[in-house]
>>> print(open('query00.cif').read())   # mmCIF, C-alpha atoms
data_structure
loop_
_atom_site.label_atom_id
_atom_site.label_comp_id
_atom_site.auth_asym_id
_atom_site.auth_seq_id
_atom_site.Cartn_x
_atom_site.Cartn_y
_atom_site.Cartn_z
CA MET A 1 63.01 85.44 85.99
CA LYS A 2 60.64 86.99 83.50
CA PHE A 3 62.22 89.81 81.45
CA VAL A 4 65.72 88.51 82.29
CA ASP A 5 66.08 84.92 81.10
CA GLU A 6 64.89 85.59 77.56
CA TYR A 7 67.61 88.24 77.20
CA ARG A 8 70.31 85.75 78.23
CA ASP A 9 69.28 83.12 75.69
CA PRO A 10 72.42 81.82 73.91
CA LYS A 11 70.41 80.88 70.79
CA ALA A 12 69.13 84.45 70.37
CA ALA A 13 72.63 85.80 71.05
CA LYS A 14 74.10 83.50 68.38
CA LYS A 15 71.55 84.60 65.84
CA ILE A 16 72.27 88.28 66.43
CA LEU A 17 76.02 87.63 66.28
CA GLN A 18 75.59 85.97 62.90
CA ALA A 19 73.55 88.94 61.71
CA ILE A 20 76.26 91.35 62.92
CA LYS A 21 78.92 89.35 61.04
CA SER A 22 76.89 89.31 57.86
CA ILE A 23 76.42 93.10 57.73
CA THR A 24 79.92 94.19 58.85
CA THR A 25 82.13 95.16 55.92
CA GLN A 26 84.65 97.50 57.56
CA SER A 27 86.14 98.60 60.91
CA TRP A 28 83.93 100.39 63.43
CA ARG A 29 84.57 101.74 66.93
CA ILE A 30 81.54 101.77 69.21
CA MET A 31 81.45 103.10 72.76
CA GLU A 32 79.13 101.65 75.37
CA VAL A 33 78.46 104.57 77.68
CA CYS A 34 77.41 102.79 80.84
CA GLY A 35 79.67 100.86 83.23
CA GLY A 36 76.91 98.31 83.76
CA GLN A 37 77.09 97.54 80.05
CA THR A 38 80.91 97.30 80.24
CA HIS A 39 80.60 94.82 83.08
CA SER A 40 78.11 92.71 81.12
CA ILE A 41 80.25 92.81 77.94
CA ILE A 42 83.44 91.65 79.69
CA LYS A 43 81.63 89.15 81.96
CA HIS A 44 80.00 87.42 79.00
CA GLY A 45 82.99 87.95 76.67
CA LEU A 46 80.75 89.63 74.11
CA ASP A 47 83.62 91.72 72.68
CA GLN A 48 85.52 88.51 71.89
CA LEU A 49 82.57 87.06 69.97
CA LEU A 50 82.24 90.06 67.65
CA PRO A 51 83.96 90.29 64.26
CA ASP A 52 87.55 91.59 64.54
CA GLN A 53 86.56 94.80 62.73
CA ILE A 54 84.32 95.89 65.61
CA GLU A 55 86.06 97.45 68.58
CA LEU A 56 84.13 98.25 71.74
CA ILE A 57 85.40 101.25 73.68
CA HIS A 58 84.46 101.36 77.33
CA GLY A 59 82.96 104.73 78.20
CA PRO A 60 82.92 106.93 81.29
CA GLY A 61 79.57 105.71 82.63
CA CYS A 62 80.77 104.56 86.03
CA PRO A 63 79.76 107.13 88.65
CA VAL A 64 82.04 105.58 91.26
CA CYS A 65 84.96 105.95 88.84
CA VAL A 66 84.33 109.58 87.93
CA THR A 67 83.54 110.96 91.41
CA PRO A 68 86.37 113.46 91.98
CA LEU A 69 88.92 112.70 94.67
CA GLN A 70 87.98 115.89 96.52
CA TYR A 71 84.47 114.51 97.11
CA ILE A 72 85.91 111.26 98.50
CA ASP A 73 88.04 113.41 100.82
CA LYS A 74 84.97 115.46 101.81
CA ALA A 75 83.10 112.23 102.57
CA LEU A 76 86.00 111.01 104.70
CA ALA A 77 86.17 114.35 106.57
CA ILE A 78 82.43 114.28 107.36
CA ALA A 79 82.41 110.60 108.33
CA GLN A 80 85.13 111.26 110.92
CA GLN A 81 83.08 113.93 112.73
CA PRO A 82 81.62 112.95 116.11
CA ASN A 83 77.91 112.20 116.25
CA VAL A 84 77.66 111.47 112.53
CA ILE A 85 76.12 108.43 110.85
CA PHE A 86 77.54 108.44 107.32
CA CYS A 87 75.48 106.45 104.79
CA SER A 88 76.60 105.36 101.34
CA PHE A 89 75.96 102.87 98.57
CA GLY A 90 78.35 99.95 99.09
CA ASP A 91 80.52 100.53 96.05
CA MET A 92 81.82 103.89 97.32
CA LEU A 93 83.38 102.39 100.46
CA ARG A 94 86.60 101.12 98.90
CA VAL A 95 87.33 104.11 96.67
CA PRO A 96 90.67 105.46 97.89
CA GLY A 97 90.79 109.07 99.07
CA SER A 98 94.04 110.95 99.62
CA GLU A 99 94.81 109.05 102.83
CA HIS A 100 92.07 106.54 103.63
CA ASP A 101 88.93 105.01 102.26
CA LEU A 102 85.53 104.83 103.97
CA LEU A 103 85.95 101.13 104.73
CA SER A 104 89.18 101.64 106.68
CA LEU A 105 87.58 104.54 108.58
CA LYS A 106 84.72 102.21 109.47
CA ALA A 107 87.24 99.67 110.76
CA LEU A 108 88.68 102.44 112.96
CA GLY A 109 85.26 102.97 114.53
CA ALA A 110 83.49 105.60 112.40
CA ASP A 111 79.75 105.00 112.11
CA ILE A 112 79.54 104.31 108.37
CA ARG A 113 76.55 102.37 107.06
CA ILE A 114 75.92 100.80 103.68
CA VAL A 115 72.37 101.47 102.56
CA TYR A 116 70.35 100.15 99.64
CA SER A 117 68.31 103.31 99.14
CA PRO A 118 68.55 107.01 100.12
CA LEU A 119 65.18 106.42 101.83
CA ASP A 120 66.94 104.00 104.23
CA ALA A 121 69.24 106.89 105.25
CA LEU A 122 66.20 109.12 105.74
CA LYS A 123 64.66 106.48 108.02
CA LEU A 124 67.92 106.32 110.02
CA ALA A 125 67.68 110.11 110.54
CA GLN A 126 64.11 109.74 111.85
CA GLN A 127 65.22 106.94 114.19
CA ASN A 128 68.34 108.76 115.44
CA VAL A 129 67.26 112.34 116.13
CA ASN A 130 70.36 113.04 118.24
CA LYS A 131 72.72 112.07 115.41
CA LYS A 132 73.50 113.81 112.14
CA VAL A 133 72.78 111.44 109.28
CA VAL A 134 74.60 112.20 106.03
CA PHE A 135 73.98 110.40 102.74
CA PHE A 136 76.68 110.31 100.03
CA GLY A 137 74.68 111.11 96.88
CA VAL A 138 76.63 109.75 93.93
CA GLY A 139 75.38 108.58 90.56
CA PHE A 140 73.91 109.51 87.20
CA GLU A 141 70.39 110.64 86.31
CA THR A 142 69.17 107.13 87.21
CA THR A 143 70.12 107.56 90.86
CA ALA A 144 69.75 111.33 91.34
CA PRO A 145 65.90 111.24 91.52
CA THR A 146 66.06 108.72 94.39
CA VAL A 147 68.26 111.18 96.29
CA ALA A 148 66.03 114.11 95.23
CA LEU A 149 63.00 112.49 96.87
CA ALA A 150 64.92 111.84 100.11
CA ILE A 151 65.97 115.53 100.24
CA HIS A 152 62.45 116.69 99.37
CA GLN A 153 60.92 114.50 102.09
CA ALA A 154 63.49 115.70 104.63
CA LYS A 155 62.40 119.28 103.88
CA SER A 156 58.69 118.38 104.08
CA LEU A 157 59.30 116.72 107.47
CA GLN A 158 61.70 119.52 108.56
CA LEU A 159 64.15 116.77 109.41
CA ASP A 160 67.20 118.93 110.15
CA ASN A 161 69.52 116.07 111.18
CA PHE A 162 69.55 114.72 107.61
CA SER A 163 71.76 116.04 104.81
CA VAL A 164 73.29 114.91 101.52
CA LEU A 165 76.84 115.24 100.20
CA ALA A 166 75.85 115.42 96.55
CA CYS A 167 78.09 114.69 93.59
CA HIS A 168 75.70 113.69 90.82
CA VAL A 169 76.76 113.70 87.18
CA ARG A 170 74.90 114.00 83.85
CA VAL A 171 75.52 111.76 80.85
CA PRO A 172 74.74 113.84 77.71
CA PRO A 173 77.33 116.58 78.48
CA VAL A 174 80.14 114.03 78.83
CA MET A 175 79.14 112.38 75.54
CA GLU A 176 79.30 115.81 73.95
CA ALA A 177 82.73 116.47 75.50
CA LEU A 178 84.08 113.13 74.21
CA LEU A 179 82.74 113.74 70.70
CA GLY A 180 84.14 117.26 70.62
CA ALA A 181 87.65 116.17 71.70
CA LYS A 182 90.38 116.27 69.03
CA ASP A 183 91.45 112.69 69.79
CA ASN A 184 87.92 111.24 69.58
CA THR A 185 87.68 107.97 67.66
CA VAL A 186 84.14 106.92 68.65
CA GLN A 187 81.86 106.31 65.64
CA GLY A 188 78.71 105.06 67.37
CA PHE A 189 77.23 105.01 70.88
CA LEU A 190 75.28 102.46 72.87
CA GLY A 191 73.27 104.85 75.08
CA ALA A 192 72.82 104.12 78.79
CA GLY A 193 69.41 102.45 79.11
CA HIS A 194 68.62 103.23 82.73
CA VAL A 195 69.69 106.89 82.49
CA CYS A 196 67.24 107.17 79.59
CA THR A 197 64.54 105.45 81.67
CA ILE A 198 64.49 108.68 83.68
CA MET A 199 65.55 111.30 81.15
CA GLY A 200 64.13 109.87 77.93
CA TYR A 201 66.23 110.37 74.83
CA HIS A 202 65.18 113.69 73.33
CA GLU A 203 68.54 115.15 74.50
CA TYR A 204 70.35 112.77 72.13
CA LEU A 205 68.60 113.85 68.94
CA PRO A 206 70.60 117.10 68.47
CA LEU A 207 73.79 115.31 69.60
CA ALA A 208 73.41 112.61 66.92
CA GLU A 209 72.72 115.21 64.26
CA ARG A 210 75.49 117.64 65.23
CA PHE A 211 78.22 115.00 65.46
CA ASN A 212 76.81 112.76 62.73
CA ILE A 213 76.86 109.76 65.06
CA PRO A 214 74.36 106.91 65.55
CA ILE A 215 73.11 106.49 69.14
CA VAL A 216 71.25 103.32 70.14
CA ILE A 217 69.66 103.36 73.60
CA THR A 218 70.55 99.89 74.89
CA GLY A 219 69.72 97.57 77.79
CA PHE A 220 72.06 95.49 79.92
CA GLU A 221 71.53 91.79 79.27
CA PRO A 222 73.82 90.09 76.71
CA VAL A 223 71.10 89.86 74.05
CA ASP A 224 70.18 93.53 74.61
CA ILE A 225 73.79 94.61 74.10
CA LEU A 226 74.28 92.49 70.98
CA GLN A 227 71.05 93.84 69.51
CA GLY A 228 72.20 97.40 70.32
CA ILE A 229 75.50 96.72 68.53
CA TYR A 230 73.63 95.22 65.56
CA LEU A 231 71.38 98.29 65.22
CA CYS A 232 74.38 100.62 65.53
CA ILE A 233 76.47 98.74 62.93
CA LYS A 234 73.48 98.63 60.60
CA GLN A 235 73.19 102.44 60.74
CA LEU A 236 76.93 102.87 60.20
CA GLU A 237 77.04 100.44 57.28
CA GLN A 238 74.02 102.08 55.65
CA GLY A 239 75.36 105.60 56.26
CA ARG A 240 72.33 106.51 58.36
CA VAL A 241 72.42 108.58 61.54
CA THR A 242 69.56 108.45 63.99
CA VAL A 243 68.66 107.74 67.61
CA GLU A 244 67.18 104.26 68.03
CA ASN A 245 65.72 102.63 71.11
CA GLN A 246 66.69 98.98 71.56
CA TYR A 247 65.44 99.06 75.19
CA SER A 248 61.87 100.04 74.31
CA ARG A 249 60.33 97.66 76.87
CA VAL A 250 61.66 100.02 79.56
CA VAL A 251 62.62 103.36 77.94
CA LYS A 252 60.12 105.86 76.54
CA GLN A 253 61.22 108.91 74.56
CA GLN A 254 59.82 111.31 77.17
CA GLY A 255 61.35 109.34 80.10
CA ASN A 256 59.87 109.45 83.59
CA GLN A 257 58.22 112.86 83.95
CA PRO A 258 57.53 112.89 87.74
CA ALA A 259 61.18 111.99 88.36
CA GLN A 260 62.41 114.72 85.99
CA GLN A 261 60.20 117.29 87.74
CA LEU A 262 61.56 116.53 91.20
CA LEU A 263 65.10 116.40 89.79
CA GLN A 264 64.67 119.95 88.45
CA GLN A 265 63.15 121.13 91.72
CA VAL A 266 65.83 119.78 94.06
CA PHE A 267 68.95 120.09 91.90
CA THR A 268 70.56 122.74 89.70
CA ILE A 269 72.70 121.94 86.65
CA VAL A 270 76.34 122.95 87.25
CA ASP A 271 79.76 122.56 85.64
CA GLN A 272 81.33 119.55 87.30
CA GLN A 273 84.77 117.95 87.68
CA TRP A 274 84.87 114.33 86.52
CA ARG A 275 87.70 112.21 87.89
CA GLY A 276 90.14 111.53 85.06
CA LEU A 277 88.32 113.79 82.59
CA GLY A 278 88.47 117.26 84.16
CA GLU A 279 85.68 119.81 84.14
CA ILE A 280 82.64 118.94 82.03
CA PRO A 281 80.43 121.99 81.26
CA GLN A 282 76.95 121.37 82.71
CA GLY A 283 78.18 117.90 83.64
CA GLY A 284 76.77 117.76 87.16
CA LEU A 285 73.89 118.42 89.55
CA ALA A 286 74.18 120.44 92.77
CA ILE A 287 71.53 120.83 95.49
CA SER A 288 69.51 123.97 94.71
CA GLU A 289 69.23 127.01 97.01
CA ASP A 290 65.69 126.05 98.09
CA TYR A 291 67.11 122.90 99.68
CA ALA A 292 70.44 124.40 100.90
CA ASP A 293 69.74 123.45 104.53
CA TRP A 294 69.94 119.77 103.51
CA ASN A 295 73.26 120.19 101.69
CA ALA A 296 75.98 118.54 103.82
CA GLU A 297 78.58 120.93 102.42
CA ASN A 298 76.72 123.74 104.21
CA GLN A 299 76.42 121.79 107.47
CA PHE A 300 80.06 120.69 107.70
CA SER A 301 83.20 122.71 106.97
CA VAL A 302 84.39 120.86 103.89
CA THR A 303 84.17 123.49 101.15
CA THR A 304 87.91 124.20 101.40
CA ILE A 305 88.88 120.59 100.61
CA ASN A 306 90.19 120.71 97.07
CA THR A 307 92.39 117.68 96.44
CA GLN A 308 94.33 117.07 93.23
CA GLU A 309 94.48 113.70 91.49
CA PRO A 310 97.63 111.52 91.77
CA SER A 311 99.50 111.37 88.47
CA GLU A 312 100.48 107.71 88.05
CA CYS A 313 96.95 106.44 87.36
CA ARG A 314 95.86 106.53 83.71
CA SER A 315 92.16 105.96 84.42
CA GLY A 316 91.38 109.18 82.52
CA ASP A 317 92.69 107.62 79.29
CA VAL A 318 90.70 104.45 80.04
CA LEU A 319 87.54 106.50 80.63
CA LYS A 320 88.04 108.30 77.29
CA GLY A 321 88.58 105.01 75.49
CA LEU A 322 92.17 105.90 74.56
CA LEU A 323 93.70 103.05 76.58
CA LYS A 324 92.57 99.49 77.23
CA PRO A 325 93.18 98.38 80.84
CA GLU A 326 95.81 95.77 79.93
CA GLY A 327 97.70 98.47 78.02
CA CYS A 328 98.54 100.20 81.31
CA ALA A 329 101.96 99.32 82.79
CA GLU A 330 100.53 99.25 86.33
CA PHE A 331 97.53 96.99 85.50
CA GLY A 332 97.58 93.81 87.61
CA LYS A 333 100.99 94.77 89.03
CA SER A 334 100.95 97.81 91.33
CA CYS A 335 97.22 98.28 90.62
CA THR A 336 94.78 95.54 91.65
CA PRO A 337 91.25 95.55 93.12
CA GLU A 338 92.84 94.98 96.58
CA HIS A 339 95.21 97.96 96.11
CA PRO A 340 93.69 100.16 93.39
CA LEU A 341 95.64 103.18 92.09
CA GLY A 342 92.51 104.73 90.62
CA ALA A 343 88.79 104.36 90.56
CA THR A 344 88.42 102.30 87.36
CA MET A 345 90.01 99.45 89.36
CA VAL A 346 87.82 99.96 92.44
CA SER A 347 84.32 99.75 91.12
CA SER A 348 83.09 96.47 89.68
CA GLU A 349 81.73 98.59 86.83
CA GLY A 350 85.13 100.13 86.14
CA ALA A 351 86.78 98.81 82.99
CA CYS A 352 90.03 97.89 84.79
CA ALA A 353 88.27 95.88 87.51
CA ALA A 354 86.11 94.10 84.90
CA TYR A 355 89.20 93.10 82.88
CA TYR A 356 91.03 92.04 86.06
CA ARG A 357 88.12 89.86 87.18
CA TYR A 358 87.11 88.23 83.92
CA ARG A 359 90.22 88.19 81.70
CA PRO A 360 93.41 86.16 82.17
CA HIS A 361 96.36 88.43 82.94
CA GLY A 362 100.04 87.89 83.68
CA MET B 1 75.72 101.91 89.78
CA CYS B 2 72.76 102.19 87.40
CA LEU B 3 71.94 98.53 87.97
CA ALA B 4 68.17 98.06 87.98
CA VAL B 5 66.22 94.82 88.12
CA PRO B 6 62.72 93.75 87.09
CA GLY B 7 60.13 92.69 89.66
CA LYS B 8 56.36 92.32 89.99
CA ILE B 9 54.13 94.53 92.17
CA ILE B 10 52.21 92.27 94.56
CA VAL B 11 50.92 94.80 97.15
CA ILE B 12 50.38 98.58 97.02
CA THR B 13 50.08 100.74 100.15
CA GLY B 14 49.84 104.50 100.85
CA ASP B 15 47.66 107.13 99.26
CA SER B 16 49.61 110.32 98.63
CA PRO B 17 51.59 110.21 95.37
CA LEU B 18 55.05 110.69 96.92
CA SER B 19 54.54 108.16 99.73
CA ARG B 20 52.96 105.34 97.74
CA MET B 21 54.85 102.08 98.31
CA GLY B 22 54.76 98.74 96.56
CA LYS B 23 55.81 95.28 97.71
CA ILE B 24 57.79 93.93 94.78
CA ASP B 25 58.44 90.26 94.17
CA PHE B 26 61.86 89.49 92.68
CA SER B 27 61.50 85.76 91.91
CA GLY B 28 60.59 84.84 95.49
CA ILE B 29 62.37 87.61 97.39
CA SER B 30 60.14 90.59 98.13
CA LYS B 31 60.98 94.15 99.16
CA GLU B 32 59.15 97.41 99.90
CA ILE B 33 59.84 99.87 97.09
CA SER B 34 58.78 103.48 96.55
CA LEU B 35 56.22 104.03 93.79
CA ALA B 36 56.61 107.84 94.04
CA TYR B 37 57.75 108.07 90.42
CA LEU B 38 55.16 105.68 88.97
CA PRO B 39 51.74 107.10 89.94
CA GLU B 40 50.17 104.99 87.17
CA ALA B 41 51.63 101.66 88.39
CA GLN B 42 49.08 98.97 89.27
CA LEU B 43 49.04 95.57 90.93
CA ASN B 44 50.73 92.84 88.86
CA ASP B 45 52.69 95.35 86.76
CA TYR B 46 56.33 94.40 86.17
CA VAL B 47 58.59 97.32 87.01
CA ILE B 48 62.30 98.18 86.84
CA VAL B 49 63.67 98.88 90.33
CA HIS B 50 66.76 100.91 91.29
CA ALA B 51 67.94 102.05 94.75
CA GLY B 52 64.55 101.46 96.37
CA PHE B 53 62.46 103.07 93.62
CA ALA B 54 60.38 101.69 90.77
CA LEU B 55 61.41 103.75 87.74
CA SER B 56 59.51 102.29 84.80
CA ILE B 57 56.70 99.86 84.02
CA ILE B 58 57.93 97.17 81.67
CA ASP B 59 55.93 97.32 78.46
CA GLN B 60 54.99 93.70 77.71
CA GLN B 61 54.04 94.43 74.10
CA GLU B 62 57.38 96.12 73.42
CA ALA B 63 59.17 93.22 75.15
CA GLU B 64 57.40 90.69 72.95
CA ALA B 65 58.02 92.77 69.85
CA SER B 66 61.77 93.00 70.51
CA LEU B 67 62.00 89.26 71.25
CA GLU B 68 60.19 88.58 68.02
CA ALA B 69 62.49 90.96 66.17
CA PHE B 70 65.55 88.93 66.96
CA GLN B 71 63.83 85.56 66.71
CA GLN B 72 62.90 86.51 63.18
CA LEU B 73 66.09 88.40 62.37
CA ASP B 74 66.07 88.40 58.67
CA ASP B 75 67.09 84.84 57.78
CA PHE B 76 68.52 86.19 54.59
CA GLU B 77 70.74 88.57 56.60
CA VAL B 78 71.80 85.80 58.96
CA GLY B 79 72.47 83.60 55.96
CA LEU B 80 70.50 80.58 57.19
#
>>> encode(input="query00.cif", output="structure tokens")
Amino acid sequence: MKFVDEYRDPKAAKKILQAIKSITTQSWRIMEVCGGQTHSIIKHGLDQLLPDQIELIHGPGCPVCVTPLQYIDKALAIAQQPNVIFCSFGDMLRVPGSEHDLLSLKALGADIRIVYSPLDALKLAQQNVNKKVVFFGVGFETTAPTVALAIHQAKSLQLDNFSVLACHVRVPPVMEALLGAKDNTVQGFLGAGHVCTIMGYHEYLPLAERFNIPIVITGFEPVDILQGIYLCIKQLEQGRVTVENQYSRVVKQQGNQPAQQLLQQVFTIVDQQWRGLGEIPQGGLAISEDYADWNAENQFSVTTINTQEPSECRSGDVLKGLLKPEGCAEFGKSCTPEHPLGATMVSSEGACAAYYRYRPHG
Amino acid sequence: MCLAVPGKIIVITGDSPLSRMGKIDFSGISKEISLAYLPEAQLNDYVIVHAGFALSIIDQQEAEASLEAFQQLDDFEVGL
């Protein structure tokens, strides 16, 4: 496939690895923000090919992982209502709520559908006018515009049997929260390429300057990630701090303007709970007042659901980069992808699930 | 979750900006994708697709430039 194969070329990867080795003179800790990057790094063993001085810290960029338990419980409560078709991306189905997950509810007879796009859920609403169709809107700025268009079209069509349970999260505020934390050890960031495809990277310029930290917007193929690491290490070794764009074939500084416009129209920036991390100021997007009739939380009585997290799971420390998955006493023992204690083991983009799948463990 | 894949636009249908659709070829498998966020997209463009939407046109010149950058990674730096 064009634009894929060339970025999986072992010869190019080897060359970049050699370049990384030749410029690295001291220890550096770099965080890849996006779970898709984490998955690629562990799948291809990229972290094991790097010089020992470079440590990759796996960041919080897994929307499935950071969706608060109370939203999973709200989803479960709505999906159990009569006359509801509950639609979700596939990776949310196995995330454990307080008592069930969506997949086990489906097995018990609830009408829960996996969809590829929010527009598929919209189509289901048009085809099933006697049913209430609810879409579970989860994801970062990459995904939020796809949900924004579905909500906007539902309003244009006055489709009142469609609504969205929205729990979208924003990346720059969580990077700021991590950098501002007392226990932060991150010295450089690989920025999330597809979030920046939508949002551009102007938001990162003040962040890099304020925290004196290099940020390299990076793609997802092995060669992309190695080149992102190379550019980041080069800045660190030379004592430079700037925002660089490794993923320039896809990401422009201004991002995707039509998508940003609809995002601003349909959603409002709010403080948001992140699973494992707590409240992140301005860390989320809620459906704005103009579109309140398409907000599932207004259509169903779920606003009082306010579940607390169980205490035994240390996914919060994993999401902050303070703990590697195999450092957790429960990893691979009481916590497995079949019986996950927390969300970093559920999603294939979660660090724990990636380590469980691709690394030998006892 | 932010997984997005490249594909080539082989058919464009619809007139209004928000309802414009493209048939995208992903190495032999094709799918109808919204072009709502790429009003400038044209036939034969390669685009990045996520959750049923094309989000960005792949810039061939930038792609070639980045490939060249690591093909020609300073030999002196690599120590070859």
>>> resolve_selection(input="query00.cif", expression="the PyMOL selection byres ((chain B) within 10 of (chain A))", output="ChimeraX atom specification")
/B:1-8,18-19,26-28,33-34,36-39,46-48,50-67,69-80
>>> residues_around(input="query00.cif", residues="range 104-111 of chain A", least_positions_apart="2", cutoff="7 Å", atoms="only C-alpha atoms", output="ChimeraX atom specification")
/A:79-80,84-86,100-102,113
>>> resolve_selection(input="query00.cif", expression="the PyMOL selection byres ((chain A and resi 276) around 10)", output="number ranges by chain")
A: 60, 65-69, 273-275, 277-279, 309, 311, 313-320, 342-344
>>> atom_distance(input="query00.cif", atom1="CA of Gly283 in chain A", atom2="CA of Asp271 in chain A")
5.3 Å
>>> resolve_selection(input="query00.cif", expression="the PyMOL selection byres ((chain A and resi 87) around 6)", output="ChimeraX atom specification")
/A:86,88,112-114,134-135
>>> closest_residue(input="query00.cif", among="A:Glu176, A:Leu341, A:Phe211, A:Gln126", to="Asn161 in chain A", atoms="all atoms listed in the file")
A:Gln126
>>> atom_distance(input="query00.cif", atom1="CA of Gln42 in chain B", atom2="CA of Asp25 in chain B")
13.7 Å
>>> closest_residue(input="query00.cif", among="A:Gly228, A:Gly239, A:Pro360, A:Gly332", to="Ile213 in chain A", atoms="all atoms listed in the file")
A:Gly239
>>> residues_around(input="query00.cif", residues="range 289-297 of chain A", least_positions_apart="5", cutoff="9 Å", atoms="all atoms listed in the file", output="list in words")
Lys74, Ile78, Val134, Phe135, Ile151, His152, Ala154, Lys155, Leu159, Asp160, Asn161, Phe162, Ser163, Val164, Leu165, Ala166, Gln265, Val266, Phe267, Thr268, Val302 and Thr303 of chain A
>>> atom_distance(input="query00.cif", atom1="CA of Cys167 in chain A", atom2="CA of Gly137 in chain A")
5.9 Å
>>> closest_residue(input="query00.cif", among="A:Ser334, A:Gln235, A:Ser40, A:Gln26", to="Gly188 in chain A", atoms="all atoms listed in the file")
A:Gln235
>>> residues_around(input="query00.cif", residues="Ile9 in chain B", least_positions_apart="5", cutoff="6 Å", atoms="all atoms listed in the file", output="list in words")
Lys23, Ile24, Leu43, Asn44 and Asp45 of chain B
>>> closest_residue(input="query00.cif", among="A:Tyr358, A:Thr336, A:Cys352, A:Ile57", to="Asn184 in chain A", atoms="only C-alpha atoms")
A:Ile57
>>> residues_around(input="query00.cif", residues="Val270 in chain A", least_positions_apart="6", cutoff="12 Å", atoms="only C-alpha atoms", output="PyMOL selection string")
chain A and resi 166-170+173+279-288
>>> closest_residue(input="query00.cif", among="B:Glu68, B:Ile10, B:Arg20, B:Val49", to="Leu35 in chain B", atoms="only C-alpha atoms")
B:Arg20
>>> closest_residue(input="query00.cif", among="A:Val129, A:Ala177, A:Ile72, A:Val171", to="Gln158 in chain A", atoms="all atoms listed in the file")
A:Val129
